[in-house]
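S.K.: For reference, the structure I am asking about is given below.
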Amino acid sequence: MPISQFSLSPPQERRMFGRHHSVLPFETAPPNSLPRHSRSKVEFSLSSEVREISAHIRAFFAMAGNFMLRVWRRMYNHLWDPQSTIYVVWLFIVALCWLYNIWVLPVRWAFHLDHTLHWIYLETHLWLPLDYFADFIFLVDTFLIWPRLMLMRKGEMVRDISRIQRKYFRSSDFTLNLVAVLPLDLLFIVTDWRNGWVQLLRLPRIVKIKEYFLFVNKCEQKLRNPHVFRTVKTLMYLLYVIHITGCLYFAMSTKSGIGRNRWVYDGKVLNPYFSAYLRCF
């Protein structure tokens, strides 16, 4: 018997499934089968939600922009006292960026093994972000902090910002700070950044050494017992000499040939290169 004979007519369906169930439970209406007024209500609710979200986003960016503008105006009009604690904290940040450059540059020059994926990962995920952060700190220090640093003249603090800026932009401090922020890193675009000698383009960052010694002198003046600080400073100097010696030893080993004789680095733990640094250290 054909299956079509068992099909029910609409009146039979209503009697079997109830007056309010004219279709089977597993049957669904297509999306476009909704009435026009229902579709308009759904579209209106969605558009209102989108407008509300976009309004919140615009309000957030407006609030963030106003906050940054207030911070910028306050920093722009603020005069920095060279004896204040906040300035010593800023010198600490600048000194950390300077120490990062003088410690990392020899490593990047000597241990730049362009055939290792481990080095490429460090270069793109660690060194470059830290480089950009240090450069940003140096730019802020050069063009925002130094032009607003109060001067001492005849025992009195000079608070005239135009006089302070005129004195700073004509001094050798501005020239050295400008050399320290030269964007020589842009040459990475036209050169092979995997070459170790290219890393020496960041050598001008070492010119910011004055801020480091300013921080050291102010710490020794402010601390009640500066002997511990001086001991840590001397220990850091000794470690830095060993650090430079290890980098030079690995560079000479690479030039002569790793494992070529008993004097050079044997190269047994060459990958990753951090093990090689510990052996040369």
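Chain labels A, B, ... are given in the sequence in which chains occur in the structure tokens; within each chain residues are numbered consecutively from 1, and ligands are likewise numbered from 1 in the order shown.
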Could you give me, as a PyMOL selection string, the residues within 8 Å of stretch 206-222 of chain A, counting only C-alpha atoms and dropping anything in the same chain fewer than 5 positions from it?
M.R.: chain A and resi 88+91-92+94-95+98+101-102+176-177+179-180+229
S.K.: For all heavy atoms, I'd like the residues from the last selection saved as an mmCIF file, in the first residue's frame.
M.R.:
```
data_model
loop_
_atom_site.group_PDB
_atom_site.id
_atom_site.type_symbol
_atom_site.label_atom_id
_atom_site.label_comp_id
_atom_site.auth_asym_id
_atom_site.auth_seq_id
_atom_site.Cartn_x
_atom_site.Cartn_y
_atom_site.Cartn_z
ATOM 1 N N VAL A 88 63.911 60.536 41.586
ATOM 2 C CA VAL A 88 64.842 59.422 41.813
ATOM 3 C C VAL A 88 64.253 58.121 41.275
ATOM 4 O O VAL A 88 64.966 57.290 40.691
ATOM 5 C CB VAL A 88 65.181 59.303 43.311
ATOM 6 C CG1 VAL A 88 66.082 58.093 43.573
ATOM 7 C CG2 VAL A 88 65.859 60.571 43.801
ATOM 8 N N LEU A 91 64.726 58.227 37.596
ATOM 9 C CA LEU A 91 66.114 57.907 37.273
ATOM 10 C C LEU A 91 66.384 56.411 37.394
ATOM 11 O O LEU A 91 67.182 55.847 36.625
ATOM 12 C CB LEU A 91 67.061 58.685 38.190
ATOM 13 C CG LEU A 91 67.230 60.176 37.909
ATOM 14 C CD1 LEU A 91 68.165 60.791 38.939
ATOM 15 C CD2 LEU A 91 67.766 60.414 36.508
ATOM 16 N N PHE A 92 65.719 55.769 38.334
ATOM 17 C CA PHE A 92 65.863 54.316 38.474
ATOM 18 C C PHE A 92 65.351 53.594 37.222
ATOM 19 O O PHE A 92 65.987 52.646 36.738
ATOM 20 C CB PHE A 92 65.111 53.846 39.713
ATOM 21 C CG PHE A 92 65.020 52.351 39.842
ATOM 22 C CD1 PHE A 92 66.139 51.598 40.134
ATOM 23 C CD2 PHE A 92 63.804 51.703 39.669
ATOM 24 C CE1 PHE A 92 66.061 50.214 40.246
ATOM 25 C CE2 PHE A 92 63.708 50.334 39.774
ATOM 26 C CZ PHE A 92 64.847 49.586 40.068
ATOM 27 N N VAL A 94 65.145 54.864 34.156
ATOM 28 C CA VAL A 94 66.077 55.147 33.065
ATOM 29 C C VAL A 94 67.362 54.346 33.234
ATOM 30 O O VAL A 94 67.929 53.822 32.257
ATOM 31 C CB VAL A 94 66.370 56.656 33.002
ATOM 32 C CG1 VAL A 94 67.379 56.966 31.899
ATOM 33 C CG2 VAL A 94 65.092 57.439 32.769
ATOM 34 N N ALA A 95 67.831 54.225 34.469
ATOM 35 C CA ALA A 95 69.048 53.445 34.713
ATOM 36 C C ALA A 95 68.840 51.969 34.392
ATOM 37 O O ALA A 95 69.750 51.301 33.865
ATOM 38 C CB ALA A 95 69.489 53.611 36.166
ATOM 39 N N TRP A 98 69.123 51.620 30.714
ATOM 40 C CA TRP A 98 70.521 51.715 30.303
ATOM 41 C C TRP A 98 71.282 50.429 30.627
ATOM 42 O O TRP A 98 72.078 49.945 29.808
ATOM 43 C CB TRP A 98 71.177 52.898 30.996
ATOM 44 C CG TRP A 98 72.614 53.089 30.627
ATOM 45 C CD1 TRP A 98 73.084 53.680 29.487
ATOM 46 C CD2 TRP A 98 73.747 52.687 31.387
ATOM 47 N NE1 TRP A 98 74.455 53.665 29.482
ATOM 48 C CE2 TRP A 98 74.889 53.057 30.642
ATOM 49 C CE3 TRP A 98 73.925 52.055 32.608
ATOM 50 C CZ2 TRP A 98 76.181 52.821 31.094
ATOM 51 C CZ3 TRP A 98 75.212 51.805 33.058
ATOM 52 C CH2 TRP A 98 76.319 52.185 32.307
ATOM 53 N N ASN A 101 70.568 47.736 28.087
ATOM 54 C CA ASN A 101 71.299 47.881 26.825
ATOM 55 C C ASN A 101 72.747 47.427 26.958
ATOM 56 O O ASN A 101 73.256 46.715 26.080
ATOM 57 C CB ASN A 101 71.238 49.332 26.348
ATOM 58 C CG ASN A 101 69.917 49.683 25.698
ATOM 59 O OD1 ASN A 101 69.654 49.317 24.567
ATOM 60 N ND2 ASN A 101 69.066 50.395 26.426
ATOM 61 N N ILE A 102 73.420 47.813 28.032
ATOM 62 C CA ILE A 102 74.842 47.467 28.125
ATOM 63 C C ILE A 102 75.047 45.993 28.444
ATOM 64 O O ILE A 102 76.118 45.443 28.155
ATOM 65 C CB ILE A 102 75.554 48.346 29.175
ATOM 66 C CG1 ILE A 102 75.056 48.020 30.593
ATOM 67 C CG2 ILE A 102 75.395 49.810 28.856
ATOM 68 C CD1 ILE A 102 75.893 48.648 31.675
ATOM 69 N N LEU A 176 73.796 64.948 23.767
ATOM 70 C CA LEU A 176 74.036 63.547 24.117
ATOM 71 C C LEU A 176 72.728 62.757 24.172
ATOM 72 O O LEU A 176 72.669 61.610 23.703
ATOM 73 C CB LEU A 176 74.764 63.471 25.454
ATOM 74 C CG LEU A 176 76.184 64.036 25.472
ATOM 75 C CD1 LEU A 176 76.765 63.969 26.886
ATOM 76 C CD2 LEU A 176 77.083 63.273 24.502
ATOM 77 N N ASN A 177 71.693 63.363 24.734
ATOM 78 C CA ASN A 177 70.396 62.672 24.782
ATOM 79 C C ASN A 177 69.829 62.454 23.383
ATOM 80 O O ASN A 177 69.186 61.430 23.121
ATOM 81 C CB ASN A 177 69.409 63.478 25.620
ATOM 82 C CG ASN A 177 69.759 63.479 27.088
ATOM 83 O OD1 ASN A 177 70.455 62.585 27.572
ATOM 84 N ND2 ASN A 177 69.299 64.483 27.810
ATOM 85 N N VAL A 179 71.639 62.037 20.649
ATOM 86 C CA VAL A 179 72.416 60.943 20.053
ATOM 87 C C VAL A 179 71.932 59.596 20.580
ATOM 88 O O VAL A 179 71.886 58.601 19.846
ATOM 89 C CB VAL A 179 73.918 61.147 20.339
ATOM 90 C CG1 VAL A 179 74.730 59.920 19.932
ATOM 91 C CG2 VAL A 179 74.434 62.380 19.608
ATOM 92 N N ALA A 180 71.542 59.556 21.852
ATOM 93 C CA ALA A 180 71.123 58.290 22.463
ATOM 94 C C ALA A 180 69.811 57.770 21.900
ATOM 95 O O ALA A 180 69.537 56.568 22.016
ATOM 96 C CB ALA A 180 71.005 58.455 23.980
ATOM 97 N N PHE A 229 74.520 49.320 49.358
ATOM 98 C CA PHE A 229 74.319 49.718 47.958
ATOM 99 C C PHE A 229 75.648 49.749 47.205
ATOM 100 O O PHE A 229 75.732 49.294 46.047
ATOM 101 C CB PHE A 229 73.652 51.083 47.916
ATOM 102 C CG PHE A 229 73.410 51.612 46.533
ATOM 103 C CD1 PHE A 229 72.353 51.143 45.770
ATOM 104 C CD2 PHE A 229 74.263 52.568 45.990
ATOM 105 C CE1 PHE A 229 72.138 51.625 44.479
ATOM 106 C CE2 PHE A 229 74.054 53.046 44.714
ATOM 107 C CZ PHE A 229 72.988 52.569 43.951
#
```
S.K.: Can you list every residue in stretch 62-102 of chain A that DSSP puts in helix (DSSP H, G or I), as a count of residues only?
M.R.: 34
S.K.: Pick out the residues sitting within 8 Å of stretch 129-146 of chain A, and hand them over as a ChimeraX atom specification; count only C-alpha atoms, and ignore anything fewer than 3 positions along from it in its own chain.
M.R.: /A:75-76,80,93-94,97-98,124-126,149,168,174,177-178,180-181
S.K.: Print the selection's residues with C-alpha atoms to a file, as a PDB file, in the first residue's frame.
M.R.:
```
ATOM      1  CA  MET A  75      53.238  66.255  32.977  1.00  0.00           C
ATOM      2  CA  TYR A  76      53.730  69.017  30.414  1.00  0.00           C
ATOM      3  CA  TRP A  80      60.585  68.246  38.241  1.00  0.00           C
ATOM      4  CA  ILE A  93      63.678  53.428  35.463  1.00  0.00           C
ATOM      5  CA  VAL A  94      66.077  55.147  33.065  1.00  0.00           C
ATOM      6  CA  CYS A  97      66.877  50.686  30.605  1.00  0.00           C
ATOM      7  CA  TRP A  98      70.521  51.715  30.303  1.00  0.00           C
ATOM      8  CA  THR A 124      61.265  38.711  18.017  1.00  0.00           C
ATOM      9  CA  HIS A 125      59.519  37.974  21.334  1.00  0.00           C
ATOM     10  CA  LEU A 126      61.959  39.335  23.939  1.00  0.00           C
ATOM     11  CA  LEU A 149      64.005  69.796  35.356  1.00  0.00           C
ATOM     12  CA  TYR A 168      68.750  72.691  28.230  1.00  0.00           C
ATOM     13  CA  PHE A 174      70.543  67.703  24.959  1.00  0.00           C
ATOM     14  CA  ASN A 177      70.396  62.672  24.782  1.00  0.00           C
ATOM     15  CA  LEU A 178      69.596  63.254  21.124  1.00  0.00           C
ATOM     16  CA  ALA A 180      71.123  58.290  22.463  1.00  0.00           C
ATOM     17  CA  VAL A 181      67.691  58.203  20.790  1.00  0.00           C
TER      18      VAL A 181
END
```
S.K.: Between atom CA of A:Arg202 and atom CA of A:Thr175, what is the spacing in Å?
M.R.: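 Those two atoms sit 16.8 Å apart.
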